[in-house]
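Trainee: This one is query.pdb, PDB, C-alpha atoms.
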```pdb
ATOM      1  CA  MET T  24      54.381 -55.577 -31.297
ATOM      2  CA  THR T  25      55.045 -55.490 -27.567
ATOM      3  CA  GLU T  26      52.380 -56.974 -25.382
ATOM      4  CA  ILE T  27      50.067 -54.592 -23.576
ATOM      5  CA  SER T  28      49.506 -55.703 -20.019
ATOM      6  CA  ILE T  29      47.505 -54.005 -17.324
ATOM      7  CA  LYS T  30      49.857 -55.258 -14.637
ATOM      8  CA  ALA T  31      53.338 -53.809 -14.350
ATOM      9  CA  GLU T  32      55.902 -56.453 -15.264
ATOM     10  CA  PRO T  33      58.453 -57.564 -12.662
ATOM     11  CA  ILE T  34      62.063 -57.030 -13.646
ATOM     12  CA  LEU T  35      63.948 -57.814 -10.436
ATOM     13  CA  SER T  36      63.015 -59.761  -7.365
ATOM     14  CA  LEU T  37      64.797 -59.246  -4.058
ATOM     15  CA  GLY T  38      63.449 -62.015  -1.883
ATOM     16  CA  TYR T  39      59.799 -61.198  -1.243
ATOM     17  CA  PHE T  40      59.958 -57.707  -2.741
ATOM     18  CA  ILE T  41      59.384 -57.581  -6.490
ATOM     19  CA  VAL T  42      60.642 -54.526  -8.366
ATOM     20  CA  THR T  43      58.443 -53.747 -11.362
ATOM     21  CA  ASN T  44      59.261 -51.474 -14.264
ATOM     22  CA  SER T  45      56.843 -48.749 -13.092
ATOM     23  CA  TYR T  46      58.447 -48.855  -9.663
ATOM     24  CA  LEU T  47      61.854 -48.319 -11.248
ATOM     25  CA  LEU T  48      60.666 -45.219 -13.108
ATOM     26  CA  SER T  49      58.936 -43.866 -10.014
ATOM     27  CA  LEU T  50      62.263 -44.273  -8.159
ATOM     28  CA  VAL T  51      63.924 -42.287 -10.953
ATOM     29  CA  THR T  52      61.247 -39.567 -10.559
ATOM     30  CA  PHE T  53      61.891 -39.496  -6.835
ATOM     31  CA  ILE T  54      65.647 -39.151  -7.310
ATOM     32  CA  VAL T  55      65.226 -36.366  -9.879
ATOM     33  CA  LEU T  56      62.859 -34.407  -7.608
ATOM     34  CA  ILE T  57      65.023 -34.795  -4.502
ATOM     35  CA  SER T  58      68.239 -33.825  -6.287
ATOM     36  CA  LEU T  59      66.521 -30.806  -7.863
ATOM     37  CA  ALA T  60      65.209 -29.716  -4.465
ATOM     38  CA  LEU T  61      68.559 -30.183  -2.716
ATOM     39  CA  SER T  62      70.561 -28.420  -5.416
ATOM     40  CA  LEU T  63      68.161 -25.461  -5.428
ATOM     41  CA  ARG T  64      68.204 -25.255  -1.652
ATOM     42  CA  SER T  65      71.989 -25.004  -1.476
ATOM     43  CA  LYS T  66      72.003 -22.142  -3.975
ATOM     44  CA  LEU T  67      69.172 -20.008  -2.583
ATOM     45  CA  SER T  68      69.911 -16.296  -2.826
ATOM     46  CA  LEU T  69      67.960 -13.067  -2.424
ATOM     47  CA  ILE T  70      68.430 -12.258  -6.114
ATOM     48  CA  PRO T  71      67.103 -15.383  -7.820
ATOM     49  CA  GLY T  72      68.872 -17.076 -10.709
ATOM     50  CA  LYS T  73      66.857 -18.525 -13.583
ATOM     51  CA  ILE T  74      65.760 -21.840 -12.078
ATOM     52  CA  GLN T  75      65.016 -20.339  -8.691
ATOM     53  CA  GLY T  76      63.049 -17.598 -10.461
ATOM     54  CA  ILE T  77      60.908 -20.170 -12.268
ATOM     55  CA  PHE T  78      60.117 -21.995  -9.057
ATOM     56  CA  GLU T  79      59.347 -18.750  -7.228
ATOM     57  CA  LEU T  80      56.901 -17.890 -10.015
ATOM     58  CA  LEU T  81      55.256 -21.327  -9.794
ATOM     59  CA  THR T  82      55.030 -21.063  -6.004
ATOM     60  CA  GLU T  83      53.389 -17.657  -6.199
ATOM     61  CA  GLN T  84      50.888 -18.819  -8.830
ATOM     62  CA  LEU T  85      49.953 -21.970  -6.904
ATOM     63  CA  LEU T  86      49.615 -20.058  -3.636
ATOM     64  CA  SER T  87      47.291 -17.466  -5.182
ATOM     65  CA  LEU T  88      45.258 -20.276  -6.777
ATOM     66  CA  MET T  89      44.898 -21.889  -3.367
ATOM     67  CA  ASP T  90      44.011 -18.521  -1.789
ATOM     68  CA  GLY T  91      40.895 -18.377  -3.931
ATOM     69  CA  LEU T  92      39.672 -21.729  -2.593
ATOM     70  CA  LEU T  93      40.808 -21.515   1.003
ATOM     71  CA  GLY T  94      40.264 -17.827   1.747
ATOM     72  CA  GLU T  95      43.494 -16.628   3.315
ATOM     73  CA  ARG T  96      47.230 -16.878   2.667
ATOM     74  CA  LYS T  97      47.956 -18.378   6.075
ATOM     75  CA  ARG T  98      45.813 -21.422   5.286
ATOM     76  CA  SER T  99      47.321 -21.812   1.806
ATOM     77  CA  GLU T 100      50.819 -21.900   3.258
ATOM     78  CA  LYS T 101      49.747 -24.607   5.702
ATOM     79  CA  TYR T 102      48.513 -26.966   2.981
ATOM     80  CA  PHE T 103      50.938 -25.899   0.248
ATOM     81  CA  PRO T 104      53.606 -28.618   0.767
ATOM     82  CA  VAL T 105      51.184 -31.534   0.310
ATOM     83  CA  ILE T 106      49.442 -30.060  -2.723
ATOM     84  CA  ALA T 107      52.649 -28.967  -4.441
ATOM     85  CA  THR T 108      54.370 -32.311  -3.778
ATOM     86  CA  VAL T 109      51.467 -34.312  -5.178
ATOM     87  CA  PHE T 110      51.355 -32.033  -8.221
ATOM     88  CA  LEU T 111      55.096 -32.150  -8.946
ATOM     89  CA  PHE T 112      55.388 -35.898  -8.364
ATOM     90  CA  ILE T 113      52.497 -36.840 -10.668
ATOM     91  CA  LEU T 114      53.555 -34.271 -13.286
ATOM     92  CA  LEU T 115      57.156 -35.477 -13.417
ATOM     93  CA  SER T 116      56.165 -39.149 -13.408
ATOM     94  CA  ASN T 117      53.727 -38.595 -16.303
ATOM     95  CA  TRP T 118      56.234 -36.618 -18.346
ATOM     96  CA  LEU T 119      59.118 -39.011 -17.704
ATOM     97  CA  GLY T 120      56.877 -41.801 -18.972
ATOM     98  CA  LEU T 121      56.832 -40.120 -22.399
ATOM     99  CA  LEU T 122      60.579 -39.982 -22.939
ATOM    100  CA  PRO T 123      62.131 -42.177 -25.658
ATOM    101  CA  GLY T 124      63.430 -45.354 -24.055
ATOM    102  CA  VAL T 125      60.371 -45.863 -21.891
ATOM    103  CA  GLY T 126      58.597 -48.893 -23.253
ATOM    104  CA  SER T 127      61.248 -49.595 -25.881
ATOM    105  CA  ILE T 128      64.315 -50.655 -23.883
ATOM    106  CA  LEU T 129      63.682 -54.313 -23.102
ATOM    107  CA  ILE T 130      65.022 -56.583 -20.413
ATOM    108  CA  LYS T 131      64.624 -60.256 -19.635
ATOM    109  CA  GLU T 132      61.656 -60.788 -17.370
ATOM    110  CA  ALA T 133      62.178 -62.135 -13.882
ATOM    111  CA  ALA T 134      60.019 -65.156 -14.692
ATOM    112  CA  GLN T 135      59.673 -67.561 -11.857
ATOM    113  CA  HIS T 136      57.760 -70.356 -13.470
ATOM    114  CA  SER T 137      58.026 -70.593 -17.258
ATOM    115  CA  GLU T 138      61.003 -71.879 -19.260
ATOM    116  CA  GLU T 139      60.603 -69.477 -22.195
ATOM    117  CA  ILE T 140      62.387 -66.145 -21.933
ATOM    118  CA  LYS T 141      60.086 -63.149 -22.268
ATOM    119  CA  TYR T 142      61.320 -59.636 -22.873
ATOM    120  CA  VAL T 143      59.545 -56.793 -21.087
ATOM    121  CA  PRO T 144      60.127 -53.016 -21.088
ATOM    122  CA  LEU T 145      62.681 -51.798 -18.572
ATOM    123  CA  PHE T 146      60.759 -48.589 -17.878
ATOM    124  CA  ARG T 147      57.016 -47.983 -17.780
ATOM    125  CA  ALA T 148      55.070 -44.882 -16.844
ATOM    126  CA  PRO T 149      54.380 -45.091 -13.100
ATOM    127  CA  GLY T 150      50.831 -43.848 -13.511
ATOM    128  CA  ALA T 151      50.074 -46.879 -15.654
ATOM    129  CA  ASP T 152      50.421 -49.100 -12.591
ATOM    130  CA  LEU T 153      47.298 -49.232 -10.459
ATOM    131  CA  ASN T 154      49.420 -49.723  -7.328
ATOM    132  CA  PHE T 155      51.028 -46.295  -7.805
ATOM    133  CA  THR T 156      47.757 -44.450  -8.311
ATOM    134  CA  LEU T 157      46.012 -46.345  -5.527
ATOM    135  CA  ALA T 158      48.806 -45.501  -3.097
ATOM    136  CA  LEU T 159      48.638 -41.822  -4.046
ATOM    137  CA  ALA T 160      44.841 -41.814  -3.737
ATOM    138  CA  ILE T 161      44.909 -43.420  -0.283
ATOM    139  CA  ALA T 162      47.609 -40.958   0.816
ATOM    140  CA  ALA T 163      45.586 -37.992  -0.481
ATOM    141  CA  VAL T 164      42.357 -39.068   1.247
ATOM    142  CA  LEU T 165      44.296 -39.784   4.456
ATOM    143  CA  PHE T 166      45.758 -36.281   4.300
ATOM    144  CA  VAL T 167      42.254 -34.846   3.909
ATOM    145  CA  GLN T 168      41.106 -36.677   7.031
ATOM    146  CA  ILE T 169      44.207 -35.702   9.014
ATOM    147  CA  PHE T 170      43.863 -32.044   8.084
ATOM    148  CA  GLY T 171      40.186 -32.168   9.034
ATOM    149  CA  VAL T 172      41.005 -33.584  12.447
ATOM    150  CA  MET T 173      43.849 -31.064  12.899
ATOM    151  CA  ALA T 174      41.564 -28.141  12.114
ATOM    152  CA  LEU T 175      38.324 -29.174  13.806
ATOM    153  CA  GLY T 176      39.260 -31.617  16.538
ATOM    154  CA  ILE T 177      38.408 -35.277  16.334
ATOM    155  CA  LYS T 178      34.867 -35.030  17.779
ATOM    156  CA  LYS T 179      33.620 -32.462  15.291
ATOM    157  CA  HIS T 180      35.303 -34.214  12.388
ATOM    158  CA  LEU T 181      33.829 -37.606  13.260
ATOM    159  CA  GLY T 182      30.532 -35.892  13.961
ATOM    160  CA  LYS T 183      30.240 -35.165  10.270
ATOM    161  CA  PHE T 184      30.039 -38.871   9.511
ATOM    162  CA  LEU T 185      28.375 -40.344  12.596
ATOM    163  CA  ASN T 186      25.503 -37.997  13.306
ATOM    164  CA  PHE T 187      22.625 -39.596  15.196
ATOM    165  CA  LYS T 188      20.418 -36.557  15.732
ATOM    166  CA  ASN T 189      17.673 -37.822  13.487
ATOM    167  CA  PRO T 190      17.377 -40.636  10.901
ATOM    168  CA  ILE T 191      18.045 -38.374   7.921
ATOM    169  CA  TYR T 192      21.319 -37.108   9.391
ATOM    170  CA  THR T 193      22.330 -40.690  10.193
ATOM    171  CA  PHE T 194      21.767 -41.709   6.593
ATOM    172  CA  VAL T 195      23.588 -38.647   5.242
ATOM    173  CA  GLY T 196      26.518 -39.331   7.566
ATOM    174  CA  PHE T 197      26.695 -42.906   6.353
ATOM    175  CA  LEU T 198      26.661 -41.709   2.744
ATOM    176  CA  GLU T 199      29.497 -39.293   3.512
ATOM    177  CA  LEU T 200      31.520 -42.175   4.934
ATOM    178  CA  VAL T 201      30.921 -44.273   1.814
ATOM    179  CA  SER T 202      31.780 -41.328  -0.400
ATOM    180  CA  GLU T 203      35.218 -41.076   1.213
ATOM    181  CA  PHE T 204      35.995 -44.556  -0.047
ATOM    182  CA  VAL T 205      34.504 -43.730  -3.437
ATOM    183  CA  LYS T 206      36.939 -40.802  -3.579
ATOM    184  CA  ILE T 207      39.854 -43.219  -3.228
ATOM    185  CA  ILE T 208      38.571 -45.333  -6.127
ATOM    186  CA  SER T 209      37.768 -42.324  -8.299
ATOM    187  CA  PHE T 210      41.182 -40.680  -7.756
ATOM    188  CA  SER T 211      43.098 -43.850  -8.549
ATOM    189  CA  PHE T 212      41.086 -44.887 -11.588
ATOM    190  CA  ARG T 213      41.059 -41.417 -13.114
ATOM    191  CA  LEU T 214      44.858 -41.178 -13.084
ATOM    192  CA  PHE T 215      45.353 -44.841 -14.031
ATOM    193  CA  GLY T 216      42.835 -44.714 -16.873
ATOM    194  CA  ASN T 217      44.293 -41.566 -18.393
ATOM    195  CA  VAL T 218      47.939 -42.649 -18.248
ATOM    196  CA  PHE T 219      47.356 -46.277 -19.266
ATOM    197  CA  ALA T 220      45.069 -45.313 -22.141
ATOM    198  CA  GLY T 221      47.693 -42.826 -23.305
ATOM    199  CA  GLU T 222      50.351 -45.533 -23.239
ATOM    200  CA  VAL T 223      48.185 -47.972 -25.209
ATOM    201  CA  LEU T 224      47.341 -45.224 -27.702
ATOM    202  CA  LEU T 225      50.989 -44.271 -28.226
ATOM    203  CA  SER T 226      52.147 -47.877 -28.694
ATOM    204  CA  ILE T 227      49.356 -48.641 -31.183
ATOM    205  CA  ILE T 228      49.942 -45.455 -33.190
ATOM    206  CA  GLY T 229      53.695 -46.113 -33.106
ATOM    207  CA  PHE T 230      53.052 -49.600 -34.392
ATOM    208  CA  LEU T 231      50.777 -48.442 -37.236
ATOM    209  CA  VAL T 232      52.633 -45.345 -38.534
ATOM    210  CA  PRO T 233      55.995 -44.836 -36.817
ATOM    211  CA  TYR T 234      56.967 -41.612 -38.620
ATOM    212  CA  LEU T 235      55.418 -38.163 -37.976
ATOM    213  CA  VAL T 236      51.933 -39.356 -36.966
ATOM    214  CA  PRO T 237      52.790 -40.012 -33.276
ATOM    215  CA  LEU T 238      53.700 -36.317 -32.898
ATOM    216  CA  PRO T 239      50.215 -34.866 -32.203
ATOM    217  CA  PHE T 240      49.509 -37.811 -29.906
ATOM    218  CA  LEU T 241      52.676 -37.047 -27.948
ATOM    219  CA  PHE T 242      51.508 -33.443 -27.584
ATOM    220  CA  LEU T 243      48.150 -34.750 -26.371
ATOM    221  CA  GLU T 244      49.843 -36.997 -23.835
ATOM    222  CA  THR T 245      52.039 -34.172 -22.544
ATOM    223  CA  PHE T 246      48.935 -32.038 -22.102
ATOM    224  CA  VAL T 247      46.980 -34.884 -20.462
ATOM    225  CA  GLY T 248      49.900 -35.542 -18.091
ATOM    226  CA  PHE T 249      49.857 -31.928 -16.936
ATOM    227  CA  ILE T 250      46.068 -31.781 -16.661
ATOM    228  CA  GLN T 251      45.833 -34.992 -14.633
ATOM    229  CA  ALA T 252      48.496 -33.799 -12.180
ATOM    230  CA  PHE T 253      46.662 -30.478 -11.869
ATOM    231  CA  ILE T 254      43.291 -32.192 -11.401
ATOM    232  CA  PHE T 255      44.616 -34.561  -8.722
ATOM    233  CA  SER T 256      46.153 -31.754  -6.670
ATOM    234  CA  MET T 257      43.223 -29.368  -7.123
ATOM    235  CA  LEU T 258      40.678 -32.031  -6.139
ATOM    236  CA  THR T 259      42.739 -32.835  -3.038
ATOM    237  CA  LEU T 260      42.693 -29.119  -2.278
ATOM    238  CA  VAL T 261      38.907 -28.907  -2.730
ATOM    239  CA  PHE T 262      38.384 -31.871  -0.395
ATOM    240  CA  ILE T 263      40.728 -30.325   2.174
ATOM    241  CA  ALA T 264      38.801 -27.048   1.948
ATOM    242  CA  MET T 265      35.551 -28.952   2.507
ATOM    243  CA  SER T 266      36.831 -30.958   5.451
ATOM    244  CA  VAL T 267      38.344 -27.930   7.200
ATOM    245  CA  ASN T 268      35.072 -25.996   7.078
ATOM    246  CA  GLU T 269      32.598 -26.185   9.944
ATOM    247  CA  HIS T 270      29.417 -26.812   8.014
ATOM    248  CA  GLU T 271      28.605 -29.087   5.101
ATOM    249  CA  GLU T 272      29.364 -27.975   1.559
ATOM    250  CA  GLU T 273      29.118 -29.548  -1.876
ATOM    251  CA  PRO T 274      32.253 -29.623  -4.046
ATOM    252  CA  ALA T 275      30.321 -27.508  -6.551
ATOM    253  CA  ASP T 276      29.761 -24.799  -3.936
ATOM    254  CA  VAL T 277      33.452 -24.684  -3.077
ATOM    255  CA  LEU T 278      34.298 -24.216  -6.755
ATOM    256  CA  LEU T 279      31.575 -21.581  -7.216
ATOM    257  CA  SER T 280      32.646 -19.611  -4.151
ATOM    258  CA  LYS T 281      35.997 -19.350  -5.886
ATOM    259  CA  ALA T 282      34.320 -17.820  -8.941
ATOM    260  CA  ARG T 283      32.360 -15.385  -6.787
ATOM    261  CA  SER T 284      35.279 -14.185  -4.642
TER     262      SER T 284
ATOM    263  CA  MET J   4      28.271 -67.607 -29.756
ATOM    264  CA  ASP J   5      31.547 -68.480 -28.101
ATOM    265  CA  LEU J   6      33.160 -66.519 -25.306
ATOM    266  CA  GLU J   7      35.770 -64.741 -27.454
ATOM    267  CA  SER J   8      33.237 -63.178 -29.822
ATOM    268  CA  VAL J   9      30.962 -62.097 -26.979
ATOM    269  CA  LYS J  10      33.972 -60.481 -25.276
ATOM    270  CA  PHE J  11      34.787 -58.427 -28.357
ATOM    271  CA  ILE J  12      31.180 -57.315 -28.784
ATOM    272  CA  ALA J  13      31.010 -56.393 -25.086
ATOM    273  CA  ILE J  14      34.173 -54.291 -25.294
ATOM    274  CA  ALA J  15      32.855 -52.335 -28.259
ATOM    275  CA  ILE J  16      29.415 -51.761 -26.717
ATOM    276  CA  ILE J  17      30.911 -50.597 -23.391
ATOM    277  CA  MET J  18      32.983 -47.905 -25.064
ATOM    278  CA  GLY J  19      30.212 -46.920 -27.451
ATOM    279  CA  ILE J  20      27.506 -46.395 -24.866
ATOM    280  CA  GLY J  21      29.705 -45.428 -21.937
ATOM    281  CA  THR J  22      31.128 -42.320 -23.577
ATOM    282  CA  ILE J  23      27.834 -40.740 -24.721
ATOM    283  CA  ALA J  24      26.945 -39.149 -21.382
ATOM    284  CA  PRO J  25      30.438 -37.841 -20.484
ATOM    285  CA  ALA J  26      30.755 -36.283 -23.944
ATOM    286  CA  LEU J  27      27.411 -34.502 -23.482
ATOM    287  CA  ALA J  28      28.408 -33.405 -19.986
ATOM    288  CA  ILE J  29      31.746 -31.950 -21.068
ATOM    289  CA  GLY J  30      30.111 -30.168 -23.982
ATOM    290  CA  MET J  31      27.553 -28.552 -21.684
ATOM    291  CA  ILE J  32      30.241 -27.568 -19.156
ATOM    292  CA  ALA J  33      32.335 -25.932 -21.856
ATOM    293  CA  SER J  34      29.351 -24.103 -23.347
ATOM    294  CA  LYS J  35      28.218 -22.701 -19.992
ATOM    295  CA  SER J  36      31.783 -21.632 -19.211
ATOM    296  CA  ALA J  37      32.052 -19.888 -22.568
ATOM    297  CA  ASP J  38      28.811 -18.061 -21.759
ATOM    298  CA  ALA J  39      30.139 -17.046 -18.348
ATOM    299  CA  ILE J  40      33.436 -15.810 -19.759
ATOM    300  CA  GLY J  41      31.574 -13.852 -22.410
ATOM    301  CA  ARG J  42      29.406 -12.150 -19.823
ATOM    302  CA  ASN J  43      32.279 -11.317 -17.463
ATOM    303  CA  PRO J  44      35.723 -11.427 -19.073
ATOM    304  CA  GLU J  45      37.378 -10.240 -15.850
ATOM    305  CA  ALA J  46      36.517 -13.450 -13.991
ATOM    306  CA  SER J  47      37.794 -15.570 -16.862
ATOM    307  CA  SER J  48      40.672 -17.271 -15.012
ATOM    308  CA  LYS J  49      38.391 -18.324 -12.158
ATOM    309  CA  VAL J  50      35.744 -19.629 -14.548
ATOM    310  CA  GLN J  51      38.442 -21.474 -16.466
ATOM    311  CA  THR J  52      39.656 -23.248 -13.334
ATOM    312  CA  ALA J  53      36.103 -24.293 -12.445
ATOM    313  CA  MET J  54      35.604 -25.505 -16.014
ATOM    314  CA  ILE J  55      38.747 -27.652 -16.019
ATOM    315  CA  LEU J  56      37.822 -29.178 -12.665
ATOM    316  CA  GLY J  57      34.242 -29.869 -13.755
ATOM    317  CA  SER J  58      35.405 -31.479 -16.992
ATOM    318  CA  ALA J  59      37.768 -33.714 -15.008
ATOM    319  CA  PHE J  60      34.862 -35.011 -12.933
ATOM    320  CA  ALA J  61      32.838 -35.713 -16.078
ATOM    321  CA  GLU J  62      35.776 -37.287 -17.882
ATOM    322  CA  ALA J  63      36.404 -39.641 -14.969
ATOM    323  CA  ILE J  64      33.150 -41.428 -15.822
ATOM    324  CA  ALA J  65      34.357 -42.076 -19.355
ATOM    325  CA  ILE J  66      37.614 -43.349 -17.877
ATOM    326  CA  TYR J  67      35.672 -45.811 -15.719
ATOM    327  CA  ALA J  68      34.063 -47.238 -18.881
ATOM    328  CA  LEU J  69      37.505 -47.413 -20.505
ATOM    329  CA  VAL J  70      38.966 -49.261 -17.541
ATOM    330  CA  VAL J  71      36.145 -51.842 -17.582
ATOM    331  CA  SER J  72      36.673 -52.487 -21.280
ATOM    332  CA  LEU J  73      40.451 -52.760 -20.799
ATOM    333  CA  ILE J  74      39.945 -55.260 -17.990
ATOM    334  CA  ILE J  75      37.691 -57.373 -20.174
ATOM    335  CA  LYS J  76      40.183 -57.248 -23.006
ATOM    336  CA  PHE J  77      43.384 -57.961 -21.124
ATOM    337  CA  VAL J  78      42.465 -59.847 -17.960
TER     338      VAL J  78
END
```
Could you write out this file's structure as structure tokens?
Mentor:
Amino acid sequence: MTEISIKAEPILSLGYFIVTNSYLLSLVTFIVLISLALSLRSKLSLIPGKIQGIFELLTEQLLSLMDGLLGERKRSEKYFPVIATVFLFILLSNWLGLLPGVGSILIKEAAQHSEEIKYVPLFRAPGADLNFTLALAIAAVLFVQIFGVMALGIKKHLGKFLNFKNPIYTFVGFLELVSEFVKIISFSFRLFGNVFAGEVLLSIIGFLVPYLVPLPFLFLETFVGFIQAFIFSMLTLVFIAMSVNEHEEEPADVLLSKARS
Amino acid sequence: MDLESVKFIAIAIIMGIGTIAPALAIGMIASKSADAIGRNPEASSKVQTAMILGSAFAEAIAIYALVVSLIIKFV
């Protein structure tokens, strides 16, 4: 049975930069997304073909979903690229991590110190590497801050966190600052935990009963991959909506205002 | 008791206790959403989105417990 390791295993080392198996699959995801985007862009026409039609449908659905949270179409179009990119990248990386060959094609490890030769998987789901999810989480929270500063101006945005009017506001501002960092941790661990646990589950079930039984678990993992991508992008959207607004709001209120509108 | 046995017991207890509250939370979220959809079927897509988002928050707590137990097991 292949070893389960929390860290992604290095397969190639170029000087100081170590390429791990999750990094390789995330590069593959990147190449697939870019080539899809470029090929669609060169064939854009007023009467859409099948693939362009699918993406137009997805764009319309996502934009109307964002309209409910943000209020108007102009705002949704401003934040659409970030949200859609995060969604598509995480979705494709989760689904590519389920294909046959991921986790089963082995390669000699780039071991620097030991004499014994260890075989590690060539591909590994990118979400199962904490570096990937941490990088995405930091990028998402940075985007939230940048959009807040772009919409409100830097004084008003910083005024939400450093508010010295009276001691209660100071404390609340400090808590808001801490909660930004907690958001980074929560984003990264949610995605990492879901994808890594799914990987461990699939390898254990595949080890116990290789025929037929992994099928419902593969369905579960496909569903979980979609849901986690959706959750990541929607939570980024909710935090953007909160940071672009003038006055303080709880995440629950932003979600409820969607249900009321 | 040596370290290995205590580690195994710790892993099991973390997952056992750490998933009680998220399971309760997700159950309550789903039940309230079902109530809301029953009262107002027209708003069902909006309620569904709020339900999925709320369950993701609650599930994240269970994932934290899972990550701690995985770290104890493999690191």
Trainee: Applied to this file, what does the ChimeraX specification (/T :<12) & /J return in terms of residues, put as a ChimeraX atom specification?
Mentor: /J:36,39-40,43,45-78
Trainee: Select, from T:Thr156, T:Asn117, T:Thr193, T:Thr108, the residue with the minimum atom-to-atom distance to Ser256 of chain T, counting all atoms listed in the file.
Mentor: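 When distances to Ser256 of chain T are compared using all atoms listed in the file, the smallest one comes from T:Thr108.
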Trainee: Between atom CA of Leu92 of chain T and atom CA of Asn186 of chain T, what is the spacing in Å?
Mentor: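 Atom CA of Leu92 of chain T lies at a distance of 26.8 Å from atom CA of Asn186 of chain T.
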Trainee: With 12 Å as the threshold, what does the neighbourhood of (55.0, -21.1, -2.8) contain in terms of residues, counting only C-alpha atoms? Coordinates are those of the file; answer as a list in words.
Mentor: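 Residues satisfying the cut-off, written out: Gln75, Gly76, Ile77, Phe78, Glu79, Leu80, Leu81, Thr82, Glu83, Gln84, Leu85, Leu86, Ser87, Leu88, Met89, Asp90, Arg96, Lys97, Ser99, Glu100, Lys101, Tyr102, Phe103, Pro104, Val105, Ile106, Ala107 and Thr108 of chain T.
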Trainee: State, in Å with one decimal place, the distance from atom CA of Val232 of chain T to atom CA of Phe249 of chain T.
Mentor: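 Between atom CA of Val232 of chain T and atom CA of Phe249 of chain T the gap works out to 25.6 Å.
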Trainee: Atom CA of Val205 of chain T to atom CA of Thr22 of chain J: how many Å, to one decimal?
Mentor: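 Separating atom CA of Val205 of chain T from atom CA of Thr22 of chain J is a distance of 20.5 Å.
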Trainee: Could you tell me, as a VMD selection string, exactly which residues end up selected when the PyMOL selection byres ((chain T and resi 43) around 7) is applied to this structure?
Mentor: chain T and resid 31 to 35 41 to 42 44 to 47
Trainee: What lies within 7 Å of segment 170-185 of chain T using only C-alpha atoms, ignoring chain neighbours under 3 positions off, as a list in words?
Mentor: Phe166, Val167, Thr193, Gly196, Phe197, Glu199, Leu200, Ile263, Ser266 and Val267 of chain T
Trainee: Okay, now the selection with C-alpha atoms, as a PDB file, keeping the file's coordinate frame?
Mentor:
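Generated output (out12.pdb):
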```pdb
ATOM      1  CA  PHE T 166      45.758 -36.281   4.300  1.00  0.00           C
ATOM      2  CA  VAL T 167      42.254 -34.846   3.909  1.00  0.00           C
ATOM      3  CA  THR T 193      22.330 -40.690  10.193  1.00  0.00           C
ATOM      4  CA  GLY T 196      26.518 -39.331   7.566  1.00  0.00           C
ATOM      5  CA  PHE T 197      26.695 -42.906   6.353  1.00  0.00           C
ATOM      6  CA  GLU T 199      29.497 -39.293   3.512  1.00  0.00           C
ATOM      7  CA  LEU T 200      31.520 -42.175   4.934  1.00  0.00           C
ATOM      8  CA  ILE T 263      40.728 -30.325   2.174  1.00  0.00           C
ATOM      9  CA  SER T 266      36.831 -30.958   5.451  1.00  0.00           C
ATOM     10  CA  VAL T 267      38.344 -27.930   7.200  1.00  0.00           C
TER      11      VAL T 267
END
```
Trainee: Can you tell me which residues surround Gly124 of chain T at a distance of at most 10 Å, considering only C-alpha atoms, apart from same-chain residues fewer than 5 positions away, and format the answer as an MDAnalysis selection string?
Mentor: chainID T and resid 119 129 144:147
Trainee: On this structure, which residues satisfy the PyMOL selection byres ((chain T and resi 233-243) around 12), written as a list in words?
Mentor: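 Residues picked by the PyMOL selection byres ((chain T and resi 233-243) around 12): Asn117, Trp118, Gly120, Leu121, Leu122, Pro123, Asn217, Val218, Ala220, Gly221, Glu222, Val223, Leu224, Leu225, Ser226, Ile227, Ile228, Gly229, Phe230, Leu231, Val232, Glu244, Thr245, Phe246, Val247, Gly248, Phe249, Ile250 and Gln251 of chain T.
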Trainee: Rank T:Asn154, T:Ser116, T:Ser36, T:Asn268 by their smallest atom-to-atom distance to Ile54 of chain T, using all atoms listed in the file, and report the top residue only.
Mentor: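 Result for the nearest residue to Ile54 of chain T: T:Ser116.
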